[in-house]
Amino acid sequence: MPTRTTTTREAAGPIAWGVATTAALGVLIVAGSRNLAHFDAALVAYTFSVLFATFGLTYRYAMWLKRPPTDFYWRRGWQVFFQRGRRLRHVGGLASHALSDIVLNRFIWARGRLRGLTHLLILWGCGLAVAITFPLVFGWLAFESEHGEPTIYRVVVFGFPTFAFPSDSLVAFILFHGLVWASFLVIAGVMLAMRRRMREEGAAALQSFAEDFLPLVLLFAVSLTGLMLTASYTWMHGYAYDFLAILHAVTVIFTFLWLPFGKFFHIFQRPAQIAVRFYKEVGRDSEPERCARCGHGFTSRMHAEDLIEVERRLGFDYRIDRGAVGGPGATDHYQRICPPCRRALVAAAQGAAWRGVRGGVLVAPGAAPAHVNPGLGEGPLGRADAENFHG
Amino acid sequence: MADPLRSAPRLDGAHPVRSTSLDPDGGDPFGPRPAWSAGVRLDTGVEPDRVVDTHCCFCGQQCGIRLKVKDEQVVGFEPRYDFPFNRGMLCPKGIKRYLQGAHPDRLLTALERDESAPGGFRPVAYERAIERTAAEIRRIQEAHGRDAMAVLSGASLTTEKAYLMGKFAHMALATSNIDYNGRLCMVSAGAGNTKAFGIDRAANPWSDILGAELIWISGANVAECAPITTDYVWQARERGAKVIVVDPRLTPIARTCDLFLPIRPGTDVALFNGVLHLMIENGQVDRDFVERSTVGFDEVARHVAEWTPAKTARTTGIAEAAIRKAADWWGKAKTSFLMHARGIEHSSHGVQNVLGAINIVLASGRIGREFCGYATITGQGNGQGGREHGQKCDQLPGGRKLADPEARAYVAGVWKIAPDELPPPGVDAYEIFRKIERGEIKGLLSLCFNPVVSLPDSDYVRAMLGRLDFYVAIDFFLNETARHADLVLPGSLHEEDEGTVTTAEGRVIKINKAVECPGEARQDWRIVQDLARAIGRERGFTFAGPREIFEELRVASKGGVADYSGISWEKVERQQGVFWPCPADDHTGTPRLFEPGSWNVVARGNGPFYFADGKARFNVATYSPPTEVPDTEYPLILTSGRLISQFLSGTQTRRIGPLLDMDPEPFIELHPHLAEHLGIGDGVWATAETRRGRLTLRARVVATIRPDTIFVPYHWPGRKSVNRLTIAAQDPISKIPEFKACAVRLRAATADEAREAVAIATPSRRPPLPTTGG
Amino acid sequence: MPVPADRHFYIDPARCIGCNACVQACSECDTHKGVSMIQLDFVDRARSTQTVPVVCMHCDQPTCAEVCPADAIKRTEDGVVQTARKARCIACNNCVLACPFGVPKMHDEANLMMKCDMCYDRTSQGLKPMCASVCPSQALFFGTREEIEALRPASRPVDGFRFGAQVVTTRVRMLVPKSFSEPLLAVTAPFESAPEARTASASFDPLLANLYQESES
């Protein structure tokens with residue numbers, strides 16, 4: 001049975017990747033800010049925390065990819081994506097899946113409408129904030145007043161001047177308060193999420209502070225301290241501004257540092273879902289794996305073979321020695337038996353143990369089990385479930 | 001239909017709109033529309049306002065259940081671990097029963113027939129409906145005599161309501177013609193028990209199953225119709241019990257039994273006689289017990305002499321070796337429990353079947369002791385209490401006989417009327433319809449009874465409803481029979497009223513009110529009392545609530561066989577139920593009947609059984625074939641029965657989505673040998689025909705039924721109703737209809753029949769099977 | 001609060017009557033209200049009424065968790081294998097296909113694997129799981145070792161299963177007769193023996209065997 005401890009040898013690759021991406025980001029910062037010409041020195045703490053988070057995230061991502069199941073999905077994902085004859089379709093698929101899953105979170109809406117709304121608010125709030133602050137922090141984005149025209153601002157992206165607008169215009173108001181709008185979205189989302197976590201019995205049973213509450217607390221703290229900054233300079237003549245700035249920086253930096261460790265890592269894992277979609281689509285169009293007991297197709301041969309290999313690498317041995325049946329050396333694999341037949345086999349084994357002890361009718365092998373209750377919700381949960389369990 | 005996957009459930013339960021009409025009368029405002037959990041019922045953050053300990057509203061086992069209430073709505077349940085009978089166990093019906101409340105089909109006002117209104121009825125003010133009903137009753141009784149008004153009642157009512165219905169008919173309407181739907185359920189066992197033991201109650205509490213060495217189950221699909229009893233059987237098996245199951249179908253409990261006897265429907269008495277024959281032959285009769293505690297054995301012994309194993313085998317369709325083995329086990333057992341249910345009772349000689357079963361129990365001497373028991377498994381929720389206190393056509397409270405002058409005098413005294421004001425005994429529920437045909441009955445009041453679905457030869461029943469001058473129904477949903485009513489009064493659901501019921505064990509338990517009636521609906525006892533007042537016969541119908549009714553019932557039953565006089569609601573709650581008879585305040589009840597040395601009101605110390613001499617009666621149990629036997633024209637046997645997901649005529653359970661999911665449609669079950677012979681494949685449309693009608697349903701080809709028998713579940717109405725095929729033959733003593741055997745022929749459906757069946761079929765919501773793998 | 005260490009889930013599929021009580025009660029559980037996690041199958045309805053109720057066996061080293069690319073399945077200290085973490089699950093189906101007992105369900109619209117978590121909302125509060133509370137045949141039982149010994153004198157729990165060369169041990173126990181001497185249940189045994197031995201049990205048909213046939217007399 002596998003036990004996983006990370007050795008230095010195993011960690012070497014991920015560390016190298018971490019260093020590489022961090023260095024790359026450093027180079028981009030220097031270049032994007034025109035040798036730090038546009039770099040705002042006040043934000044240097046932010047910059048370093050992002051650099052550290054980049055290292056952490058890359059390291060963790062690379063370690064994650066080393067796990068056998070992740071590794072095979074990673075490689076297979078790219079393989080099927082670039083499969084000859086499907087590339088065009090997959091590029092289109094990439095766009096539609098990204099829209100549906102990442103941008104709109106449709107699968108989360110299917111988990112619950114309030115959950116969907118909650119997640120979308122947080123996602124878009126955070127996304128907006130990141131889109132504004134990161135370029136500012138890296139010096140990729142700057143606002144410069146036009147020469148001799150202090151009331152006109154010009155937007156500078158990667159050192160290239162773009163459009164300009166008056167400082168008292170609506171555009172200026174919306175742009176300069178972008179983080180305020182973002183915090184509104186995040187706070188609303190956090191409130192909904194908190195409400196759910198505080199009142200629902202089901203959530204209460206499974207949640208933990210570090211995994212489920214801390215991220216919400218962090219997002220709330222970042223949003224609130226940010227709003228306080230705005231309040232301070234807008235209505236309170238900068239009262240306690242320096243203190244608030246430090247407080248805000250502390251919350252933001254802690255959040256960045258937390259990114260690779262806690263729940264936030266799912267942001268970087270989630271795109272794998274799109275690879276899964278391609279893998280399943282290709283599998284659906286390819287040779288099915290037929291159950292060794294009932295003969296029904298239940299997944300793609302590709303997936304079954306991949307899983308056999310993954311299980312082998314993990315140290316599982318589900319091989320069935322059929323030497324007594326199919327001649328010497330004939331070996332089959334439990335992975336080639338469909339889930340309903342596995343359930344039937346367990347029941348048959350238990351029933352056989354009772355044979356002779358109490359009465360009972362045993363069942364011929366090879367027949368296909370069927371759901372007792374075909375009702376949705378009580379039976380299969382959807383098409384995939386139906387395929388897994390052939391009805 | 002739409003892709004069923006489009007309506008996959010959300011995890012927050014916001015079910016997209018599903019097919020709302022599962023009925024040919026599509027878009028009907030009265031349904032049946034299946035309800036699923038939604039809104040507050042799926043919200044896991046809701047703290048219930050209160051939880052109410054009560055019982056299930058369905059079968060005779062009356063499992064304890066705890067209902068969660070939020071905003072006057074039952075929103076869910078919690079197992080009731082403290083109730084000793086089921087200790088938290090429940091079947092799917094009990095689990096999802098909460099969905100019957102706050103239901104879109106619920107009747108919230110009185111309704112008056114109006115063919116132009118949607119669904120054929122328009123709302124009418126409750127008071128106006130009561131006035132009109134009273135006027136019609138007065139008119140009919142003045143024009144045609146008091147017996148021209150009939151009452152059909154039910155055994156799912158609390159004992160208080162059952163008592164009130166009997167009193168209302170016999171005293172306020174003064175009509176002979178009241179009967180109840182226990183006529184389809186309990187009467188054969190009741191008559192048999194009364195003949196043999198002098199009392200109509202399960203002889204033992206279920207706890208006596210646990211230590212029995214041998215459990216004999218005849219004609220009882222325990223797993224589906226009395227699911228909790230399964231655990232008792234299994235517990236006994238853990239202690240070494242053997243189980244014999246007698247059934248034409250290999251039901252789930254039969255699957256693992258030690259000996260399965262696949263009997264030909266309608267021949268049970270032959271099997272019992274054959275077993276008694278072998279017991280005598282093998283010298284396994286308990287002569288001491290027979291001598292000391294019974295009479296009539298010799299005559300019965302002479303009668304069963306002809307029931308040799310070979311003849312028994314030929315008659316019952318069971319292999320002789322299996323019969324010998326069963327008799328051997330039965331003969332040798334030290335302790336045993338024999339259970340039976342509708343399988344042997346739904347027969348034109350149902351009483352004979354029951355007497356045959358009792359004969360082998362008495363011959364074994366294994367009764368009236370721990371782990372030595374006998375019981376019929378009561379079907380309806382209050383099948384026991386509902387058959388004791390006067391809503392049966394020949395009965396007065398306390399299990400008294402309406403024809404008995406002493407009983408009449410006593411009850412008349414309690415009701416403060418003269419004995420001759422009480423009408424003479426009336427006729428059974430089916431005969432009531434024949435009286436309608438003869439023009440003797442012109443008006444009908446029904447409550448808790450859906451004869452259009454539940455009576456045999458239902459086309460006849462439906463036609464007779466059309467001949468009534470006036471028909472008023474009390475119900476919470478518009479059931480198939482109430483659709484023929486002139487007026488409908490909105491009654492109460494189980495959880496909207498309180499009272500007692502008596503379980504299959506004979507245990508009186510307390511139903512507690514969880515929520516108020518919605519809209520203008522009200523408790524049935526209020527409606528009945530409103531009617532009594534409106535027809536000017538208010539005296540005796542001014543109870544303030546079920547507790548007052550129960551207090552009068554205690555007095556009315558005092559001194560009867562079913563003596564409740566020592567039972568109070570407090571005692572019921574304190575003891576988790578009281579087994580009747582309980583004749584005194586300091587009496588704790590009688591869980592086990594017939595214990596040696598026990599006293600009863602009839603024998604008065606002469607012996608444990610309820611006859612003057614205290615002895616049980618052997619009764620000659622005569623075999624006769626079912627009224628219809630297979631012939632060349634109709635070569636097969638049709639039998640009907642229940643499914644676990646549905647209850648009786650389905651008025652409630654066909655409106656509960658998760659239950660309907662389990663079995664969306666009835667089906668015709670047949671053996672593969674027969675299927676091959678007829679060329680009928682699994683899942684195809686097949687047509688069954690009897691001399692009364694024709695029914696097209698999907699075939700379910702399974703090796704778990706006798707090859708000469710087909711089975712159809714009976715919970716569906718209209719063109720899916722097996723009772724359009726069943727025969728209206730009745731047992732001469734109990735008047736129970738012969739649901740379990742009639743002659744039938746089967747064939748693949750014609751294209752037209754299949755088309756018609758598809759048109760009224762419930763859309764399958766099963767996701768399509770994949771044609772290729774993953 | 002953890003699930004008490006002395007409480008265990010005991011399963012006796014042979015008792016099952018296929019009544020659906022577990023399925024219906026499961027969808028009343030607060031962690032996945034509205035959908036059921038129990039797999040209840042007819043083993044072969046054409047031949048028998050046998051049914052099998054499957055709840056998660058809560059493996060000591062769960063294959064489902066090991067093969068999860070997203071690390072979404074966690075086993076808690078008290079030995080309960082939790083359902084997929086919603087933030088992580090990418091609906092790849094690995095767990096569904098790898099589980100030796102055939103437990104997980106895939107809710108594809110929600111991109112989420114769902115499985116039995118032993119009613120963690122109840123068991124962690126000292127209550128019995130929904131299914132084991134209601135099961136009318138008590139094929140599903142939840143309680144202490146002492147309780148099961150008192151109630152089932154003929155039975156003995158096993159917690160080991162062999163699938164081919166793989167032995168899996170579980171928190172949930174399965175009941176076998178006292179006389180059964182094997183230390184674990186060999187699930188794949190029918191595949192390892194000759195076909196004749198496999199089909200021998202199929203001919204046992206108590207209905208036809210006990211049916212009177214004219215030729216007999």
# chains A, B, ... in the order shown; residues from 1 in each chain; ligands from 1

call {"tool": "closest_atom_pairs", "arguments": {"of": "chain B", "to": "chain C", "cutoff": "7 Å", "atoms": "only C-alpha atoms", "output": "JSON lines"}}
result
{"residue": "B:Leu11", "atom": "CA", "partner": "C:Gly34", "partner_atom": "CA", "distance": 6.6}
{"residue": "B:Gly13", "atom": "CA", "partner": "C:Gly34", "partner_atom": "CA", "distance": 5.6}
{"residue": "B:Ser37", "atom": "CA", "partner": "C:Gly34", "partner_atom": "CA", "distance": 6.9}
{"residue": "B:Leu42", "atom": "CA", "partner": "C:Lys33", "partner_atom": "CA", "distance": 6.1}
{"residue": "B:Thr44", "atom": "CA", "partner": "C:Asp30", "partner_atom": "CA", "distance": 5.5}
{"residue": "B:Pro79", "atom": "CA", "partner": "C:Ser133", "partner_atom": "CA", "distance": 6.7}
{"residue": "B:Gly88", "atom": "CA", "partner": "C:Ser133", "partner_atom": "CA", "distance": 5.5}
{"residue": "B:Met89", "atom": "CA", "partner": "C:Val134", "partner_atom": "CA", "distance": 3.7}
{"residue": "B:Leu90", "atom": "CA", "partner": "C:Val134", "partner_atom": "CA", "distance": 4.7}
{"residue": "B:Cys91", "atom": "CA", "partner": "C:Ala21", "partner_atom": "CA", "distance": 4.9}
{"residue": "B:Pro92", "atom": "CA", "partner": "C:Ala21", "partner_atom": "CA", "distance": 4.3}
{"residue": "B:Ile95", "atom": "CA", "partner": "C:Ala25", "partner_atom": "CA", "distance": 6.2}
{"residue": "B:Ala223", "atom": "CA", "partner": "C:Ile17", "partner_atom": "CA", "distance": 6.0}
{"residue": "B:Glu224", "atom": "CA", "partner": "C:Cys19", "partner_atom": "CA", "distance": 6.8}
{"residue": "B:Pro227", "atom": "CA", "partner": "C:Pro136", "partner_atom": "CA", "distance": 5.6}
{"residue": "B:Ile228", "atom": "CA", "partner": "C:Pro136", "partner_atom": "CA", "distance": 4.6}
{"residue": "B:Thr230", "atom": "CA", "partner": "C:Ser137", "partner_atom": "CA", "distance": 5.2}
{"residue": "B:Asp231", "atom": "CA", "partner": "C:Ser137", "partner_atom": "CA", "distance": 4.4}
{"residue": "B:Gln235", "atom": "CA", "partner": "C:Leu151", "partner_atom": "CA", "distance": 6.9}
{"residue": "B:Glu238", "atom": "CA", "partner": "C:Ala154", "partner_atom": "CA", "distance": 5.2}
{"residue": "B:Arg239", "atom": "CA", "partner": "C:Pro153", "partner_atom": "CA", "distance": 6.4}
{"residue": "B:Thr251", "atom": "CA", "partner": "C:Thr49", "partner_atom": "CA", "distance": 6.6}
{"residue": "B:Pro252", "atom": "CA", "partner": "C:Ile17", "partner_atom": "CA", "distance": 5.1}
{"residue": "B:Ile253", "atom": "CA", "partner": "C:Ile17", "partner_atom": "CA", "distance": 6.7}
{"residue": "B:Arg255", "atom": "CA", "partner": "C:Thr49", "partner_atom": "CA", "distance": 6.6}
{"residue": "B:Phe260", "atom": "CA", "partner": "C:Pro206", "partner_atom": "CA", "distance": 6.4}
{"residue": "B:Leu261", "atom": "CA", "partner": "C:Asn210", "partner_atom": "CA", "distance": 6.2}
{"residue": "B:Pro262", "atom": "CA", "partner": "C:Leu207", "partner_atom": "CA", "distance": 5.9}
{"residue": "B:Ala313", "atom": "CA", "partner": "C:Tyr212", "partner_atom": "CA", "distance": 6.3}
{"residue": "B:Arg314", "atom": "CA", "partner": "C:Tyr212", "partner_atom": "CA", "distance": 7.0}
{"residue": "B:Gly317", "atom": "CA", "partner": "C:Tyr212", "partner_atom": "CA", "distance": 4.8}
{"residue": "B:Ile318", "atom": "CA", "partner": "C:Tyr212", "partner_atom": "CA", "distance": 4.4}
{"residue": "B:Ala319", "atom": "CA", "partner": "C:Tyr212", "partner_atom": "CA", "distance": 3.9}
{"residue": "B:Ala322", "atom": "CA", "partner": "C:Asn210", "partner_atom": "CA", "distance": 6.0}
{"residue": "B:Ile644", "atom": "CA", "partner": "C:Cys19", "partner_atom": "CA", "distance": 6.4}
{"residue": "B:Val701", "atom": "CA", "partner": "C:Ala46", "partner_atom": "CA", "distance": 6.4}
{"residue": "B:Val702", "atom": "CA", "partner": "C:Ala46", "partner_atom": "CA", "distance": 4.4}
{"residue": "B:Ala703", "atom": "CA", "partner": "C:Arg47", "partner_atom": "CA", "distance": 4.9}
{"residue": "B:Thr704", "atom": "CA", "partner": "C:Ser48", "partner_atom": "CA", "distance": 6.1}

call {"tool": "write_last_selection", "arguments": {"atoms": "C-alpha atoms", "output": "PDB file, in the first residue's frame"}}
result
ATOM      1  CA  LEU B  11     -28.679  19.806  -4.938  1.00  0.00           C
ATOM      2  CA  GLY B  13     -33.681  20.690  -4.590  1.00  0.00           C
ATOM      3  CA  SER B  37     -39.521  17.953  -1.621  1.00  0.00           C
ATOM      4  CA  LEU B  42     -35.115  20.856   1.420  1.00  0.00           C
ATOM      5  CA  THR B  44     -31.106  22.098   5.784  1.00  0.00           C
ATOM      6  CA  PRO B  79     -36.945   8.288  13.352  1.00  0.00           C
ATOM      7  CA  GLY B  88     -36.935   3.958  14.405  1.00  0.00           C
ATOM      8  CA  MET B  89     -37.530   1.596  11.491  1.00  0.00           C
ATOM      9  CA  LEU B  90     -39.800   2.839   8.712  1.00  0.00           C
ATOM     10  CA  CYS B  91     -40.686   1.834   5.181  1.00  0.00           C
ATOM     11  CA  PRO B  92     -40.461   4.292   2.259  1.00  0.00           C
ATOM     12  CA  ILE B  95     -40.472   8.231   5.253  1.00  0.00           C
ATOM     13  CA  ALA B 223     -41.502  -7.549   3.006  1.00  0.00           C
ATOM     14  CA  GLU B 224     -43.768  -5.252   0.997  1.00  0.00           C
ATOM     15  CA  PRO B 227     -41.996  -4.383   6.128  1.00  0.00           C
ATOM     16  CA  ILE B 228     -41.074  -3.885   9.774  1.00  0.00           C
ATOM     17  CA  THR B 230     -39.238  -8.550   8.446  1.00  0.00           C
ATOM     18  CA  ASP B 231     -36.869  -7.560  11.221  1.00  0.00           C
ATOM     19  CA  GLN B 235     -34.198 -11.722  14.564  1.00  0.00           C
ATOM     20  CA  GLU B 238     -30.612 -15.342  14.115  1.00  0.00           C
ATOM     21  CA  ARG B 239     -31.763 -17.421  17.054  1.00  0.00           C
ATOM     22  CA  THR B 251     -41.585 -12.439  -2.554  1.00  0.00           C
ATOM     23  CA  PRO B 252     -38.510 -10.827  -0.965  1.00  0.00           C
ATOM     24  CA  ILE B 253     -39.144 -12.554   2.368  1.00  0.00           C
ATOM     25  CA  ARG B 255     -36.299 -15.501  -1.255  1.00  0.00           C
ATOM     26  CA  PHE B 260     -40.945 -22.048   0.011  1.00  0.00           C
ATOM     27  CA  LEU B 261     -44.307 -23.501  -0.949  1.00  0.00           C
ATOM     28  CA  PRO B 262     -45.409 -21.969  -4.270  1.00  0.00           C
ATOM     29  CA  ALA B 313     -50.237 -31.754  -3.743  1.00  0.00           C
ATOM     30  CA  ARG B 314     -52.614 -32.041  -6.699  1.00  0.00           C
ATOM     31  CA  GLY B 317     -49.890 -27.303  -6.886  1.00  0.00           C
ATOM     32  CA  ILE B 318     -47.079 -27.853  -4.380  1.00  0.00           C
ATOM     33  CA  ALA B 319     -44.763 -30.836  -4.633  1.00  0.00           C
ATOM     34  CA  ALA B 322     -42.318 -30.069   0.144  1.00  0.00           C
ATOM     35  CA  ILE B 644     -44.209  -1.448  -1.110  1.00  0.00           C
ATOM     36  CA  VAL B 701     -41.146 -11.475 -16.960  1.00  0.00           C
ATOM     37  CA  VAL B 702     -39.690 -12.926 -13.780  1.00  0.00           C
ATOM     38  CA  ALA B 703     -39.036 -16.430 -12.520  1.00  0.00           C
ATOM     39  CA  THR B 704     -40.484 -15.543  -9.146  1.00  0.00           C
TER      40      THR B 704
END

call {"tool": "residues_around", "arguments": {"residues": "Glu200 (chain A)", "least_positions_apart": "2", "cutoff": "12 Å", "atoms": "only C-alpha atoms", "output": "JSON list (two decimals) with N, CA and C atoms, in the first residue's frame"}}
result
[["chain", "number", "residue", "atom", "x", "y", "z"],
["A", 192, "LEU", "N", -23.13, 35.74, 2.05],
["A", 192, "LEU", "CA", -23.98, 34.60, 1.68],
["A", 192, "LEU", "C", -23.32, 33.29, 2.08],
["A", 193, "ALA", "N", -22.03, 33.19, 1.84],
["A", 193, "ALA", "CA", -21.32, 31.96, 2.16],
["A", 193, "ALA", "C", -21.32, 31.73, 3.67],
["A", 194, "MET", "N", -21.09, 32.80, 4.41],
["A", 194, "MET", "CA", -21.09, 32.70, 5.87],
["A", 194, "MET", "C", -22.46, 32.25, 6.38],
["A", 195, "ARG", "N", -23.48, 32.85, 5.80],
["A", 195, "ARG", "CA", -24.84, 32.52, 6.23],
["A", 195, "ARG", "C", -25.07, 31.02, 6.05],
["A", 196, "ARG", "N", -24.68, 30.52, 4.87],
["A", 196, "ARG", "CA", -24.87, 29.10, 4.61],
["A", 196, "ARG", "C", -24.10, 28.26, 5.63],
["A", 197, "ARG", "N", -22.87, 28.65, 5.87],
["A", 197, "ARG", "CA", -22.04, 27.84, 6.76],
["A", 197, "ARG", "C", -22.52, 27.90, 8.21],
["A", 198, "MET", "N", -23.15, 29.02, 8.57],
["A", 198, "MET", "CA", -23.60, 29.15, 9.95],
["A", 198, "MET", "C", -24.91, 28.40, 10.19],
["A", 202, "GLY", "N", -26.03, 20.43, 7.14],
["A", 202, "GLY", "CA", -25.17, 19.61, 6.29],
["A", 202, "GLY", "C", -23.79, 20.21, 6.19],
["A", 203, "ALA", "N", -23.72, 21.53, 6.01],
["A", 203, "ALA", "CA", -22.43, 22.19, 5.92],
["A", 203, "ALA", "C", -21.71, 22.11, 7.26],
["A", 204, "ALA", "N", -22.48, 22.28, 8.34],
["A", 204, "ALA", "CA", -21.88, 22.30, 9.67],
["A", 204, "ALA", "C", -21.15, 20.99, 9.97],
["A", 205, "ALA", "N", -21.68, 19.89, 9.44],
["A", 205, "ALA", "CA", -21.10, 18.59, 9.77],
["A", 205, "ALA", "C", -19.70, 18.44, 9.18],
["A", 206, "LEU", "N", -19.46, 19.03, 8.04],
["A", 206, "LEU", "CA", -18.24, 18.73, 7.31],
["A", 206, "LEU", "C", -17.19, 19.83, 7.36],
["A", 207, "GLN", "N", -17.58, 21.05, 7.74],
["A", 207, "GLN", "CA", -16.65, 22.16, 7.57],
["A", 207, "GLN", "C", -15.61, 22.23, 8.69],
["B", 12, "ASP", "N", -29.85, 21.86, -4.41],
["B", 12, "ASP", "CA", -30.67, 22.66, -3.51],
["B", 12, "ASP", "C", -32.13, 22.29, -3.68],
["B", 42, "LEU", "N", -36.47, 21.25, 1.80],
["B", 42, "LEU", "CA", -35.11, 20.86, 1.42],
["B", 42, "LEU", "C", -34.07, 21.73, 2.09],
["B", 43, "ASP", "N", -34.53, 22.75, 2.79],
["B", 43, "ASP", "CA", -33.59, 23.67, 3.42],
["B", 43, "ASP", "C", -33.00, 23.02, 4.67],
["B", 44, "THR", "N", -31.69, 22.78, 4.63],
["B", 44, "THR", "CA", -31.11, 22.10, 5.78],
["B", 44, "THR", "C", -30.78, 23.08, 6.90],
["B", 45, "GLY", "N", -31.10, 24.34, 6.69],
["B", 45, "GLY", "CA", -30.82, 25.32, 7.74],
["B", 45, "GLY", "C", -32.06, 25.67, 8.56],
["B", 46, "VAL", "N", -33.14, 24.93, 8.30],
["B", 46, "VAL", "CA", -34.39, 25.29, 8.98],
["B", 46, "VAL", "C", -34.49, 24.58, 10.32],
["B", 47, "GLU", "N", -34.73, 25.35, 11.33],
["B", 47, "GLU", "CA", -34.95, 24.80, 12.67],
["B", 47, "GLU", "C", -36.45, 24.58, 12.81],
["C", 29, "CYS", "N", -31.21, 13.15, 4.35],
["C", 29, "CYS", "CA", -30.02, 13.46, 5.14],
["C", 29, "CYS", "C", -29.55, 14.88, 4.80],
["C", 30, "ASP", "N", -29.12, 15.62, 5.82],
["C", 30, "ASP", "CA", -28.85, 17.03, 5.63],
["C", 30, "ASP", "C", -27.65, 17.34, 4.73],
["C", 31, "THR", "N", -26.71, 16.40, 4.59],
["C", 31, "THR", "CA", -25.53, 16.75, 3.80],
["C", 31, "THR", "C", -25.79, 16.66, 2.29],
["C", 32, "HIS", "N", -26.88, 16.01, 1.90],
["C", 32, "HIS", "CA", -27.17, 15.93, 0.46],
["C", 32, "HIS", "C", -28.67, 15.81, 0.26],
["C", 33, "LYS", "N", -29.39, 16.69, 0.92],
["C", 33, "LYS", "CA", -30.85, 16.58, 0.94],
["C", 33, "LYS", "C", -31.43, 16.63, -0.48],
["C", 121, "ASP", "N", -23.42, 14.23, 9.44],
["C", 121, "ASP", "CA", -24.16, 15.21, 10.24],
["C", 121, "ASP", "C", -24.87, 14.55, 11.41]]

call {"tool": "residues_around", "arguments": {"residues": "His303 (chain A)", "least_positions_apart": "6", "cutoff": "9 Å", "atoms": "only C-alpha atoms", "output": "list in words"}}
result
Tyr279, Lys280, Gly283 and Glu289 of chain A; Gly774 of chain B; Asn94 and Leu97 of chain C

call {"tool": "interface_residues", "arguments": {"of": "chain A", "to": "chain C", "cutoff": "7 Å", "atoms": "only C-alpha atoms", "output": "PyMOL selection string"}}
result
chain A and resi 69-70+107-108+110-111+201-203+205+266+270+272-273+276+316-322+324-325+334-335+339-340+342-347+349-351+353-354+361-365+367-372+377-378+381-385

call {"tool": "select_by_dssp", "arguments": {"residues": "region 590-671 of chain B", "states": "strand (DSSP E or B)", "output": "list in words"}}
result
Ala616, Arg617, Leu636, Ile637, Leu638, Thr639, Ser640, Gly641, Ile656, Phe667, Ile668, Glu669 and Leu670 of chain B

call {"tool": "write_last_selection", "arguments": {"atoms": "C-alpha atoms", "output": "compact mmCIF listing (two decimals), in the first residue's frame"}}
result
# COMPACT_ATOMS: atom_id res chain seq x y z
CA ALA B 616 -61.29 -22.94 21.54
CA ARG B 617 -63.26 -24.36 18.65
CA LEU B 636 -54.62 -18.76 -16.19
CA ILE B 637 -55.08 -17.45 -12.66
CA LEU B 638 -55.05 -13.74 -11.96
CA THR B 639 -53.97 -12.61 -8.54
CA SER B 640 -53.57 -9.07 -7.25
CA GLY B 641 -51.72 -7.42 -4.42
CA ILE B 656 -46.04 11.48 -3.48
CA PHE B 667 -47.47 -4.20 -14.58
CA ILE B 668 -48.35 -7.79 -15.35
CA GLU B 669 -45.95 -10.19 -13.72
CA LEU B 670 -45.53 -13.56 -15.39

call {"tool": "residues_around", "arguments": {"residues": "Gln100 (chain B)", "least_positions_apart": "5", "cutoff": "9 Å", "atoms": "only C-alpha atoms", "output": "list in words"}}
result
Ala35, Val74, Arg106, Leu493, Gln652, Thr653, Arg655 and Ile656 of chain B

call {"tool": "residues_around", "arguments": {"residues": "region 171-177 of chain A", "least_positions_apart": "6", "cutoff": "9 Å", "atoms": "only C-alpha atoms", "output": "ChimeraX atom specification"}}
result
/A:153,165,230

call {"tool": "select_by_dssp", "arguments": {"residues": "region 61-153 of chain A", "states": "helix (DSSP H, G or I)", "output": "ChimeraX atom specification"}}
result
/A:61-66,68-81,87-103,106-111,113-138

call {"tool": "residues_around", "arguments": {"residues": "Ser145 (chain A)", "least_positions_apart": "6", "cutoff": "10 Å", "atoms": "only C-alpha atoms", "output": "ChimeraX atom specification"}}
result
/A:151-155,164-167

call {"tool": "atom_distance", "arguments": {"atom1": "CA of Asn105 (chain A)", "atom2": "CA of Pro271 (chain A)"}}
result
11.7 Å

call {"tool": "atom_distance", "arguments": {"atom1": "CA of Met191 (chain A)", "atom2": "CA of Leu219 (chain A)"}}
result
10.6 Å
